[in-house]
file my_file-v5.txt (compact mmCIF, C-alpha atoms and all ligand atoms)
# COMPACT_ATOMS: atom_id res chain seq x y z
CA MET D 1425 14.95 81.17 -40.35
CA THR D 1426 12.82 78.27 -38.98
CA ALA D 1427 9.73 78.87 -36.91
CA PRO D 1428 10.57 78.99 -33.19
CA LEU D 1429 10.08 75.61 -31.54
CA ASP D 1430 7.20 75.33 -29.09
CA VAL D 1431 9.02 73.26 -26.47
CA ASP D 1432 6.03 73.01 -24.11
CA ALA D 1433 3.78 71.74 -26.90
CA LEU D 1434 6.41 69.21 -27.91
CA VAL D 1435 6.77 67.89 -24.33
CA ALA D 1436 2.98 67.75 -23.89
CA GLU D 1437 2.51 65.86 -27.16
CA ALA D 1438 5.33 63.40 -26.57
CA SER D 1439 4.30 62.66 -22.96
CA ALA D 1440 0.72 62.03 -24.10
CA ALA D 1441 2.04 59.61 -26.74
CA LEU D 1442 4.17 57.85 -24.10
CA ALA D 1443 1.21 57.58 -21.72
CA SER D 1444 -0.87 55.86 -24.36
CA ALA D 1445 1.95 53.60 -25.63
CA GLY D 1446 0.73 50.01 -25.23
CA THR D 1447 4.08 48.21 -25.72
CA THR D 1448 7.76 48.80 -25.00
CA ASP D 1449 8.22 48.93 -28.81
CA GLU D 1450 5.85 51.88 -29.05
CA VAL D 1451 7.74 53.60 -26.23
CA ARG D 1452 10.94 53.19 -28.25
CA GLN D 1453 9.30 54.66 -31.38
CA VAL D 1454 7.89 57.67 -29.55
CA THR D 1455 11.21 58.29 -27.81
CA THR D 1456 13.13 58.15 -31.10
CA ALA D 1457 10.68 60.54 -32.75
CA ALA D 1458 10.83 63.06 -29.87
CA LEU D 1459 14.50 62.81 -28.86
CA GLY D 1460 16.31 61.01 -31.71
CA LYS D 1461 18.82 62.44 -34.24
CA ARG D 1462 16.06 63.64 -36.61
CA SER D 1463 13.79 65.03 -33.91
CA PRO D 1464 12.79 68.74 -33.75
CA LEU D 1465 14.48 68.90 -30.36
CA VAL D 1466 17.89 67.91 -31.81
CA ALA D 1467 17.31 70.28 -34.77
CA ALA D 1468 16.59 73.14 -32.33
CA HIS D 1469 19.76 72.27 -30.44
CA ARG D 1470 21.79 72.50 -33.64
CA SER D 1471 20.39 75.94 -34.41
CA LEU D 1472 21.39 77.31 -30.98
CA GLY D 1473 24.64 78.57 -32.48
CA GLY D 1474 22.74 81.19 -34.48
CA LEU D 1475 21.24 82.82 -31.39
CA ASP D 1476 22.68 85.50 -29.23
CA PRO D 1477 24.29 84.25 -25.96
CA ASP D 1478 21.35 85.01 -23.61
CA GLU D 1479 18.77 83.46 -25.89
CA ARG D 1480 21.10 80.53 -26.50
CA ARG D 1481 21.51 79.87 -22.81
CA ALA D 1482 17.78 80.17 -22.07
CA LEU D 1483 16.65 77.99 -24.95
CA GLY D 1484 19.49 75.51 -24.33
CA ARG D 1485 18.33 75.04 -20.73
CA ARG D 1486 14.71 74.59 -21.83
CA LEU D 1487 15.73 72.01 -24.42
CA ASP D 1488 17.79 70.07 -21.85
CA ASP D 1489 14.92 70.19 -19.34
CA ALA D 1490 12.52 68.94 -22.01
CA ARG D 1491 14.89 66.05 -22.88
CA ARG D 1492 15.31 65.02 -19.21
CA THR D 1493 11.56 65.20 -18.59
CA LEU D 1494 10.71 63.10 -21.61
CA GLU D 1495 13.47 60.55 -20.84
CA ALA D 1496 12.14 60.11 -17.30
CA ILE D 1497 8.55 59.64 -18.50
CA ALA D 1498 9.74 57.17 -21.16
CA ASP D 1499 11.72 55.20 -18.56
CA ASP D 1500 8.74 54.92 -16.21
CA ARG D 1501 6.47 53.86 -19.02
CA ARG D 1502 8.96 51.25 -20.28
CA ARG D 1503 9.39 49.73 -16.82
CA ALA D 1504 5.64 49.51 -16.29
CA LEU D 1505 5.13 47.88 -19.68
CA GLU D 1506 8.03 45.44 -19.15
CA ALA D 1507 6.49 44.24 -15.87
CA ALA D 1508 3.11 43.80 -17.53
CA GLU D 1509 4.65 41.96 -20.48
CA LEU D 1510 6.59 39.61 -18.16
CA GLU D 1511 3.47 38.85 -16.18
CA ALA D 1512 1.56 38.10 -19.38
CA ALA D 1513 4.34 35.79 -20.61
CA LEU D 1514 4.44 33.89 -17.30
CA LEU D 1515 0.68 33.58 -17.29
CA ALA D 1516 0.73 32.17 -20.81
CA GLU D 1517 3.37 29.58 -19.89
CA ARG D 1518 1.71 28.50 -16.66
CA LEU D 1519 0.59 24.84 -16.44
CA ASP D 1520 -2.87 24.82 -15.02
CA LEU D 1521 -2.82 21.53 -13.14
CA GLY D 1522 -6.36 22.04 -11.98
CA GLU D 1523 -7.58 22.04 -15.56
CA GLU D 1524 -5.59 18.87 -16.30
CA LEU D 1525 -7.24 16.96 -13.48
CA PRO D 1526 -10.48 15.84 -15.12
CA ASP D 1527 -8.47 14.23 -17.95
CA ARG D 1528 -6.28 12.39 -15.55
CA ALA D 1529 -9.21 11.13 -13.55
CA ARG D 1530 -10.54 9.60 -16.74
CA SER D 1531 -7.21 7.76 -17.29
CA PRO D 1532 -7.54 3.97 -17.68
CA LEU D 1533 -4.65 3.50 -15.21
CA SER D 1534 -5.94 2.87 -11.71
CA ARG D 1535 -4.01 2.75 -8.46
CA GLY D 1536 -2.67 -0.55 -7.17
CA ALA D 1537 -2.93 -1.71 -3.58
CA LEU D 1538 -0.99 -3.85 -1.15
CA HIS D 1539 -1.76 -7.56 -1.13
CA LEU D 1540 -3.80 -8.93 1.76
CA VAL D 1541 -0.84 -10.98 3.00
CA THR D 1542 1.29 -7.81 3.11
CA THR D 1543 -1.32 -5.78 4.96
CA THR D 1544 -1.84 -8.68 7.37
CA ARG D 1545 1.88 -8.88 8.04
CA ASP D 1546 2.00 -5.09 8.57
CA ALA D 1547 -0.91 -5.23 11.01
CA LEU D 1548 0.66 -8.13 12.93
CA GLU D 1549 3.96 -6.25 13.14
CA ASP D 1550 2.14 -3.15 14.38
CA THR D 1551 0.38 -5.19 17.06
CA PHE D 1552 3.62 -6.70 18.32
CA VAL D 1553 5.53 -3.42 18.14
CA GLY D 1554 2.74 -1.95 20.28
CA MET D 1555 3.45 -4.73 22.79
CA GLY D 1556 7.15 -3.82 22.94
CA PHE D 1557 8.62 -6.28 20.43
CA GLU D 1558 11.16 -5.36 17.78
CA VAL D 1559 10.90 -6.75 14.23
CA VAL D 1560 13.79 -8.80 12.82
CA GLU D 1561 14.26 -10.67 9.53
CA GLY D 1562 16.43 -13.56 8.42
CA PRO D 1563 17.34 -15.42 5.22
CA GLU D 1564 14.92 -17.71 3.37
CA VAL D 1565 17.72 -19.97 2.15
CA GLU D 1566 19.15 -21.66 5.22
CA THR D 1567 21.50 -24.39 6.27
CA ASP D 1568 20.45 -27.57 8.00
CA TRP D 1569 21.99 -26.25 11.22
CA TYR D 1570 19.74 -23.20 11.51
CA ASN D 1571 16.55 -24.85 10.27
CA PHE D 1572 17.03 -28.06 12.29
CA GLY D 1573 20.33 -28.78 14.11
CA ALA D 1574 20.44 -25.79 16.45
CA LEU D 1575 16.73 -26.30 17.12
CA ASN D 1576 17.41 -29.67 18.74
CA ILE D 1577 16.47 -31.67 15.65
CA PRO D 1578 19.60 -33.69 14.76
CA PRO D 1579 20.00 -35.34 11.33
CA ALA D 1580 17.69 -38.32 10.77
CA HIS D 1581 15.63 -37.42 13.85
CA PRO D 1582 12.02 -38.57 13.33
CA ALA D 1583 10.78 -35.06 14.24
CA ARG D 1584 12.06 -33.85 10.85
CA GLY D 1585 8.96 -35.41 9.40
CA MET D 1586 7.01 -32.47 10.89
CA TRP D 1587 8.51 -30.25 8.18
CA ASP D 1588 8.43 -31.53 4.58
CA THR D 1589 11.46 -29.63 3.45
CA PHE D 1590 12.69 -28.42 0.04
CA TYR D 1591 16.42 -29.18 -0.21
CA LEU D 1592 18.68 -27.31 -2.62
CA ALA D 1593 21.29 -29.14 -4.69
CA VAL D 1594 24.07 -26.79 -3.52
CA GLY D 1595 26.18 -26.26 -0.46
CA GLU D 1596 28.16 -29.48 0.06
CA PRO D 1597 29.26 -30.44 2.67
CA GLU D 1598 26.57 -28.35 4.43
CA THR D 1599 23.00 -29.14 3.53
CA VAL D 1600 21.21 -26.08 2.14
CA LEU D 1601 17.45 -25.78 2.12
CA LEU D 1602 14.50 -23.39 1.91
CA ARG D 1603 13.55 -22.66 5.49
CA ALA D 1604 10.49 -24.64 6.55
CA HIS D 1605 9.64 -22.25 9.40
CA THR D 1606 10.82 -18.92 10.82
CA SER D 1607 12.43 -20.59 13.86
CA PRO D 1608 15.95 -20.44 12.30
CA VAL D 1609 15.75 -16.65 12.74
CA GLN D 1610 15.48 -17.25 16.52
CA VAL D 1611 18.78 -19.08 16.38
CA ARG D 1612 20.45 -16.29 14.41
CA LEU D 1613 19.08 -13.68 16.82
CA MET D 1614 20.30 -15.56 19.91
CA GLU D 1615 23.73 -16.08 18.33
CA ALA D 1616 23.96 -12.34 17.58
CA ALA D 1617 22.91 -11.47 21.15
CA VAL D 1618 25.59 -13.78 22.57
CA ALA D 1619 28.22 -12.30 20.22
CA ALA D 1620 27.26 -8.81 21.45
CA GLY D 1621 27.68 -9.80 25.11
CA MET D 1622 24.11 -11.07 25.68
CA SER D 1623 21.21 -8.82 26.54
CA PRO D 1624 17.44 -9.55 26.74
CA ILE D 1625 15.60 -10.37 23.48
CA HIS D 1626 12.01 -9.36 22.71
CA ALA D 1627 11.53 -9.81 18.98
CA VAL D 1628 9.13 -11.00 16.30
CA MET D 1629 10.41 -12.39 13.03
CA PRO D 1630 8.01 -12.43 10.07
CA GLY D 1631 8.81 -13.97 6.72
CA ARG D 1632 8.23 -16.44 3.91
CA CYS D 1633 8.55 -20.19 4.50
CA TYR D 1634 8.49 -23.24 2.22
CA ARG D 1635 7.17 -26.77 2.65
CA ARG D 1636 6.52 -29.62 0.25
CA ASP D 1637 2.80 -29.47 0.96
CA THR D 1638 0.12 -30.05 -1.64
CA PRO D 1639 -1.93 -26.83 -1.83
CA ASP D 1640 -5.37 -27.18 -0.30
CA ALA D 1641 -7.93 -24.99 1.47
CA ARG D 1642 -5.65 -24.53 4.48
CA HIS D 1643 -2.09 -25.06 3.13
CA LEU D 1644 0.23 -23.42 0.62
CA PRO D 1645 3.75 -24.67 -0.20
CA VAL D 1646 4.97 -21.06 0.03
CA PHE D 1647 3.47 -19.38 3.05
CA HIS D 1648 4.30 -16.86 5.77
CA GLN D 1649 4.96 -17.21 9.45
CA VAL D 1650 5.71 -14.84 12.26
CA GLU D 1651 7.98 -16.08 15.00
CA GLY D 1652 8.17 -14.59 18.46
CA LEU D 1653 11.08 -14.89 20.89
CA VAL D 1654 11.54 -13.53 24.38
CA VAL D 1655 14.70 -14.31 26.34
CA ASP D 1656 15.20 -12.57 29.67
CA GLU D 1657 15.73 -13.29 33.32
CA GLY D 1658 12.77 -14.85 35.16
CA ILE D 1659 10.55 -15.48 32.10
CA THR D 1660 7.88 -18.11 32.85
CA PHE D 1661 5.13 -20.00 31.06
CA ALA D 1662 2.67 -17.44 32.47
CA ASP D 1663 4.44 -14.73 30.47
CA LEU D 1664 3.99 -16.85 27.35
CA ALA D 1665 0.27 -17.43 27.97
CA GLY D 1666 -0.26 -13.74 28.79
CA THR D 1667 1.55 -12.60 25.66
CA ILE D 1668 -0.48 -14.94 23.44
CA GLU D 1669 -3.77 -13.75 24.99
CA THR D 1670 -2.81 -10.07 24.77
CA PHE D 1671 -1.88 -10.50 21.13
CA THR D 1672 -5.09 -12.43 20.31
CA THR D 1673 -7.48 -9.82 21.68
CA ALA D 1674 -5.39 -6.94 20.32
CA TYR D 1675 -5.35 -8.36 16.80
CA PHE D 1676 -8.65 -10.25 16.47
CA GLY D 1677 -10.81 -8.16 18.80
CA PRO D 1678 -12.07 -8.43 22.38
CA GLU D 1679 -14.42 -11.42 21.79
CA ILE D 1680 -11.64 -13.64 20.46
CA HIS D 1681 -9.54 -15.41 23.10
CA SER D 1682 -6.71 -17.94 23.20
CA ARG D 1683 -6.04 -21.25 24.87
CA LEU D 1684 -2.99 -23.52 25.00
CA ARG D 1685 -3.05 -27.29 24.54
CA PRO D 1686 -0.11 -29.61 25.23
CA ALA D 1687 1.92 -30.39 22.11
CA PHE D 1688 5.45 -31.32 21.09
CA PHE D 1689 8.19 -29.33 19.39
CA PRO D 1690 11.83 -30.36 19.69
CA PHE D 1691 12.92 -26.77 20.43
CA THR D 1692 10.48 -25.95 23.23
CA GLU D 1693 9.79 -27.67 26.55
CA PRO D 1694 7.04 -27.65 27.58
CA SER D 1695 5.37 -27.06 24.23
CA ALA D 1696 1.83 -26.09 23.32
CA GLU D 1697 -0.42 -25.49 20.39
CA PHE D 1698 -2.29 -22.25 20.66
CA GLU D 1699 -5.84 -21.98 19.58
CA ILE D 1700 -8.11 -19.00 19.29
CA THR D 1701 -11.88 -18.66 19.41
CA CYS D 1702 -13.29 -19.69 16.03
CA THR D 1703 -13.77 -16.43 14.15
CA LEU D 1704 -16.64 -17.86 12.07
CA CYS D 1705 -18.98 -19.02 14.85
CA ARG D 1706 -17.41 -16.91 17.62
CA GLY D 1707 -17.05 -20.01 19.77
CA THR D 1708 -20.46 -21.65 19.49
CA GLY D 1709 -19.20 -24.45 17.24
CA CYS D 1710 -19.41 -24.79 13.45
CA ARG D 1711 -18.09 -26.96 10.64
CA THR D 1712 -14.84 -25.01 10.30
CA CYS D 1713 -13.90 -25.63 13.94
CA SER D 1714 -15.41 -29.15 13.94
CA GLY D 1715 -17.90 -28.02 16.55
CA THR D 1716 -15.23 -27.20 19.16
CA GLY D 1717 -15.44 -23.40 18.97
CA TRP D 1718 -11.61 -23.23 18.71
CA ILE D 1719 -9.21 -23.01 15.77
CA GLU D 1720 -5.50 -23.82 15.87
CA LEU D 1721 -3.27 -20.89 14.98
CA GLY D 1722 0.29 -21.90 15.85
CA GLY D 1723 2.82 -23.46 18.20
CA CYS D 1724 4.68 -22.17 21.23
CA GLY D 1725 6.60 -23.16 24.35
CA MET D 1726 9.49 -22.43 26.66
CA VAL D 1727 12.86 -22.39 24.87
CA ASP D 1728 14.41 -25.85 25.32
CA PRO D 1729 17.73 -25.83 27.26
CA ALA D 1730 19.26 -27.78 24.34
CA VAL D 1731 18.64 -24.75 22.09
CA PHE D 1732 20.27 -22.43 24.63
CA ASP D 1733 23.24 -24.83 24.69
CA ALA D 1734 23.48 -24.81 20.89
CA VAL D 1735 23.79 -21.01 20.76
CA GLY D 1736 25.83 -20.63 23.95
CA ILE D 1737 23.27 -18.98 26.24
CA ASP D 1738 23.48 -19.80 29.96
CA GLY D 1739 20.15 -21.55 30.62
CA GLU D 1740 20.67 -21.23 34.37
CA ARG D 1741 20.47 -17.46 34.15
CA TRP D 1742 18.22 -16.87 31.14
CA THR D 1743 14.84 -18.36 30.33
CA GLY D 1744 12.57 -17.64 27.40
CA PHE D 1745 9.57 -18.53 25.33
CA ALA D 1746 8.93 -18.76 21.61
CA PHE D 1747 5.87 -18.93 19.42
CA GLY D 1748 5.19 -19.18 15.72
CA PHE D 1749 2.10 -19.04 13.56
CA GLY D 1750 0.95 -18.58 9.99
CA ILE D 1751 0.35 -15.08 8.64
CA ASP D 1752 -1.74 -16.44 5.76
CA ARG D 1753 -3.75 -18.45 8.27
CA CYS D 1754 -4.31 -15.25 10.26
CA ALA D 1755 -5.60 -13.43 7.16
CA GLN D 1756 -7.83 -16.40 6.40
CA MET D 1757 -9.36 -16.38 9.86
CA ARG D 1758 -9.73 -12.67 10.21
CA HIS D 1759 -11.48 -12.34 6.84
CA GLN D 1760 -13.20 -15.75 6.78
CA ILE D 1761 -11.56 -16.83 3.53
CA ALA D 1762 -12.84 -20.29 2.64
CA ASP D 1763 -9.85 -21.38 0.55
CA MET D 1764 -6.30 -20.21 1.18
CA ARG D 1765 -5.39 -20.75 -2.49
CA SER D 1766 -7.38 -17.58 -3.28
CA LEU D 1767 -4.44 -15.67 -1.80
CA VAL D 1768 -2.11 -16.71 -4.62
CA GLU D 1769 -4.43 -17.00 -7.60
CA ASN D 1770 -4.19 -13.23 -8.20
CA ASP D 1771 -7.82 -12.78 -9.14
CA VAL D 1772 -8.24 -9.04 -8.62
CA ARG D 1773 -11.96 -9.47 -7.98
CA PHE D 1774 -10.97 -11.43 -4.86
CA LEU D 1775 -8.02 -9.23 -3.89
CA ARG D 1776 -9.92 -5.95 -4.29
CA GLN D 1777 -12.20 -6.85 -1.39
CA PHE D 1778 -9.50 -6.18 1.18
N1 LIG F 1801 8.30 -23.44 14.14
C1 LIG F 1801 7.11 -24.12 14.54
C2 LIG F 1801 6.36 -24.61 13.29
O1 LIG F 1801 6.62 -24.12 12.24
C3 LIG F 1801 6.19 -23.23 15.34
C4 LIG F 1801 6.79 -22.89 16.67
C5 LIG F 1801 7.56 -21.76 16.81
C6 LIG F 1801 6.59 -23.70 17.77
C7 LIG F 1801 8.09 -21.44 18.03
C8 LIG F 1801 7.12 -23.39 18.99
C9 LIG F 1801 7.89 -22.24 19.11
O2 LIG F 1801 5.55 -25.46 13.37

call {"tool": "encode", "arguments": {"input": "my_file-v5.txt", "output": "structure tokens"}}
result
Amino acid sequence: MTAPLDVDALVAEASAALASAGTTDEVRQVTTAALGKRSPLVAAHRSLGGLDPDERRALGRRLDDARRTLEAIADDRRRALEAAELEAALLAERLDLGEELPDRARSPLSRGALHLVTTTRDALEDTFVGMGFEVVEGPEVETDWYNFGALNIPPAHPARGMWDTFYLAVGEPETVLLRAHTSPVQVRLMEAAVAAGMSPIHAVMPGRCYRRDTPDARHLPVFHQVEGLVVDEGITFADLAGTIETFTTAYFGPEIHSRLRPAFFPFTEPSAEFEITCTLCRGTGCRTCSGTGWIELGGCGMVDPAVFDAVGIDGERWTGFAFGFGIDRCAQMRHQIADMRSLVENDVRFLRQF
């Protein structure tokens, strides 16, 4: 006959062991020892058959209670330990980006920046958008018609000499060239407006242009212009002058103003050159402005009726003005850059200043 099992002591001992178990593995070991096949509890269960019915029932109930109690405690303990173990695993796998930062800051790779010509173009676009213009682009490879013909410059016309053009050896019978100004985009825009049933146009057209110019302090063979075109009912030369002045003060600042001087362009009539206060001497006269206090920025004028005819706009109903000037020239004047070639030499010591 085995010694009677002290069920209370067994439960107390096993629950203490479960409470101090530090891992789910330990919980499993304690549970097996207290409730498994070779545990005293199972042994006691087996010996129930030798007891009389009352004792058997009483002890049987106590053994079942003990098992349920210990199973519940073991379950709780296992769940708590599982949560803690998961948290520890996640913590160990976590990438601490904050700790990585000092290393990255020491990296030899530094951030790039937009080129001065790009930021100048962006700022010009912003200024014109603020004045109610939309921004439109056109192709850099053009036909003779868009670069010249539609702009009232027929083949062999002496005015072609104003634009030393790069011609491409493709495109027979049509002559194909690299656009020498952004004015062909005007033509495309007016054609599109006519095709869509004609509505007013208020647009600026920035982009790259090409001329067979020898690079010098004020010229590059690849340069940038921004074209402006307004076509509406009742547009006058006063609107043109007001737009140029509004743009000049908005972009260059309140002390810089504009003035128009008579000029000639085949696609505008009347035509003007527009000048702004010299940004170096602020109008008092210096070497850059040859003592005049003014610097030429671009050309402008009222759209010539011949251009309206070429694109099929009724010049009796619609009038308009156009202007065009150099973006690189703008950057040069706003930042007092002595030699425009600096813009394309890619010396980062120069470029980093802007
Ligand atoms: N396209 C002209 C040029 O490149 C500038 C201009 C544009 C003049 C629009 C008048 C109107 O010289």

call {"tool": "atom_distance", "arguments": {"input": "my_file-v5.txt", "atom1": "atom CA of Arg1503 of chain D", "atom2": "atom CA of Leu1515 of chain D"}}
result
18.4 Å

call {"tool": "closest_residue", "arguments": {"input": "my_file-v5.txt", "among": "D:Leu1602, D:Ala1504, D:Leu1721, D:Val1541", "to": "ligand LIG 1801 (chain F)", "atoms": "only C-alpha atoms and all ligand atoms"}}
result
D:Leu1721

call {"tool": "residues_around", "arguments": {"input": "my_file-v5.txt", "residues": "Ile1737 of chain D", "least_positions_apart": "2", "cutoff": "8 Å", "atoms": "all atoms listed in the file", "output": "PDB file with C-alpha atoms, in the frame of the given file"}}
result
ATOM      1  CA  MET D1614      20.300 -15.560  19.910  1.00  0.00           C
ATOM      2  CA  VAL D1618      25.590 -13.780  22.570  1.00  0.00           C
ATOM      3  CA  MET D1622      24.110 -11.070  25.680  1.00  0.00           C
ATOM      4  CA  PHE D1732      20.270 -22.430  24.630  1.00  0.00           C
ATOM      5  CA  ASP D1733      23.240 -24.830  24.690  1.00  0.00           C
ATOM      6  CA  ALA D1734      23.480 -24.810  20.890  1.00  0.00           C
ATOM      7  CA  VAL D1735      23.790 -21.010  20.760  1.00  0.00           C
ATOM      8  CA  GLY D1739      20.150 -21.550  30.620  1.00  0.00           C
ATOM      9  CA  TRP D1742      18.220 -16.870  31.140  1.00  0.00           C
TER      10      TRP D1742
END

call {"tool": "atom_distance", "arguments": {"input": "my_file-v5.txt", "atom1": "atom CA of Val1646 of chain D", "atom2": "atom CA of Thr1672 of chain D"}}
result
24.2 Å

call {"tool": "residues_near_ligand", "arguments": {"input": "my_file-v5.txt", "ligand": "ligand LIG 1801 (chain F)", "cutoff": "9 Å", "atoms": "all atoms listed in the file", "output": "PyMOL selection string"}}
result
chain D and resi 1586-1587+1604-1608+1610+1633+1649-1653+1688-1692+1695-1697+1722-1727+1745-1750

call {"tool": "atom_distance", "arguments": {"input": "my_file-v5.txt", "atom1": "atom CA of Ala1490 of chain D", "atom2": "atom CA of Glu1506 of chain D"}}
result
24.1 Å

call {"tool": "residues_around", "arguments": {"input": "my_file-v5.txt", "residues": "Pro1639 of chain D", "least_positions_apart": "5", "cutoff": "12 Å", "atoms": "all atoms listed in the file", "output": "PyMOL selection string"}}
result
chain D and resi 1634+1644-1647+1763-1769

call {"tool": "closest_residue", "arguments": {"input": "my_file-v5.txt", "among": "D:Val1611, D:Ala1687, D:Leu1429, D:Ile1719", "to": "Arg1753 of chain D", "atoms": "only C-alpha atoms"}}
result
D:Ile1719

call {"tool": "closest_residue", "arguments": {"input": "my_file-v5.txt", "among": "D:Pro1624, D:Gly1536, D:Gly1631, D:Gly1562", "to": "Leu1775 of chain D", "atoms": "only C-alpha atoms"}}
result
D:Gly1536

call {"tool": "closest_residue", "arguments": {"input": "my_file-v5.txt", "among": "D:Gly1736, D:Ala1468, D:Leu1684, D:Glu1566", "to": "Ala1619 of chain D", "atoms": "all atoms listed in the file"}}
result
D:Gly1736

call {"tool": "residues_near_point", "arguments": {"input": "my_file-v5.txt", "point": "(16.0, -33.6, 14.3)", "cutoff": "12 Å", "atoms": "only C-alpha atoms", "output": "PDB file with C-alpha atoms, in the frame of the given file"}}
result
ATOM      1  CA  ASP D1568      20.450 -27.570   8.000  1.00  0.00           C
ATOM      2  CA  TRP D1569      21.990 -26.250  11.220  1.00  0.00           C
ATOM      3  CA  TYR D1570      19.740 -23.200  11.510  1.00  0.00           C
ATOM      4  CA  ASN D1571      16.550 -24.850  10.270  1.00  0.00           C
ATOM      5  CA  PHE D1572      17.030 -28.060  12.290  1.00  0.00           C
ATOM      6  CA  GLY D1573      20.330 -28.780  14.110  1.00  0.00           C
ATOM      7  CA  ALA D1574      20.440 -25.790  16.450  1.00  0.00           C
ATOM      8  CA  LEU D1575      16.730 -26.300  17.120  1.00  0.00           C
ATOM      9  CA  ASN D1576      17.410 -29.670  18.740  1.00  0.00           C
ATOM     10  CA  ILE D1577      16.470 -31.670  15.650  1.00  0.00           C
ATOM     11  CA  PRO D1578      19.600 -33.690  14.760  1.00  0.00           C
ATOM     12  CA  PRO D1579      20.000 -35.340  11.330  1.00  0.00           C
ATOM     13  CA  ALA D1580      17.690 -38.320  10.770  1.00  0.00           C
ATOM     14  CA  HIS D1581      15.630 -37.420  13.850  1.00  0.00           C
ATOM     15  CA  PRO D1582      12.020 -38.570  13.330  1.00  0.00           C
ATOM     16  CA  ALA D1583      10.780 -35.060  14.240  1.00  0.00           C
ATOM     17  CA  ARG D1584      12.060 -33.850  10.850  1.00  0.00           C
ATOM     18  CA  GLY D1585       8.960 -35.410   9.400  1.00  0.00           C
ATOM     19  CA  MET D1586       7.010 -32.470  10.890  1.00  0.00           C
ATOM     20  CA  TRP D1587       8.510 -30.250   8.180  1.00  0.00           C
ATOM     21  CA  PHE D1689       8.190 -29.330  19.390  1.00  0.00           C
ATOM     22  CA  PRO D1690      11.830 -30.360  19.690  1.00  0.00           C
ATOM     23  CA  PHE D1691      12.920 -26.770  20.430  1.00  0.00           C
TER      24      PHE D1691
END

call {"tool": "axis_aligned_box", "arguments": {"input": "my_file-v5.txt", "around": "segment 1615-1629 of chain D", "padding_each_side": "4 Å", "output": "JSON"}}
result
{"center_x": 18.7, "center_y": -12.4, "center_z": 19.9, "size_x": 27.1, "size_y": 15.3, "size_z": 21.7}

call {"tool": "residues_around", "arguments": {"input": "my_file-v5.txt", "residues": "segment 1446-1463 of chain D", "least_positions_apart": "6", "cutoff": "12 Å", "atoms": "all atoms listed in the file", "output": "VMD selection string"}}
result
chain D and resid 1429 1431 1433 to 1440 1469 to 1470 1487 to 1488 1490 to 1510

call {"tool": "closest_residue", "arguments": {"input": "my_file-v5.txt", "among": "D:Pro1464, D:Ile1751, D:Ala1762, D:Thr1567", "to": "Asp1640 of chain D", "atoms": "only C-alpha atoms"}}
result
D:Ala1762

call {"tool": "closest_residue", "arguments": {"input": "my_file-v5.txt", "among": "D:Arg1741, D:Arg1535, D:Arg1706, D:Arg1773", "to": "Ser1623 of chain D", "atoms": "only C-alpha atoms"}}
result
D:Arg1741

call {"tool": "residues_near_point", "arguments": {"input": "my_file-v5.txt", "point": "(-11.2, -14.1, 25.3)", "cutoff": "12 Å", "atoms": "only C-alpha atoms", "output": "VMD selection string"}}
result
chain D and resid 1666 1668 to 1683 1699 to 1703 1706 to 1707 1718

call {"tool": "residues_around", "arguments": {"input": "my_file-v5.txt", "residues": "Phe1552 of chain D", "least_positions_apart": "4", "cutoff": "9 Å", "atoms": "only C-alpha atoms", "output": "list in words"}}
result
Ala1547, Leu1548, Gly1556, Phe1557, Glu1558, Val1559, Ala1627, Val1628 and Phe1671 of chain D
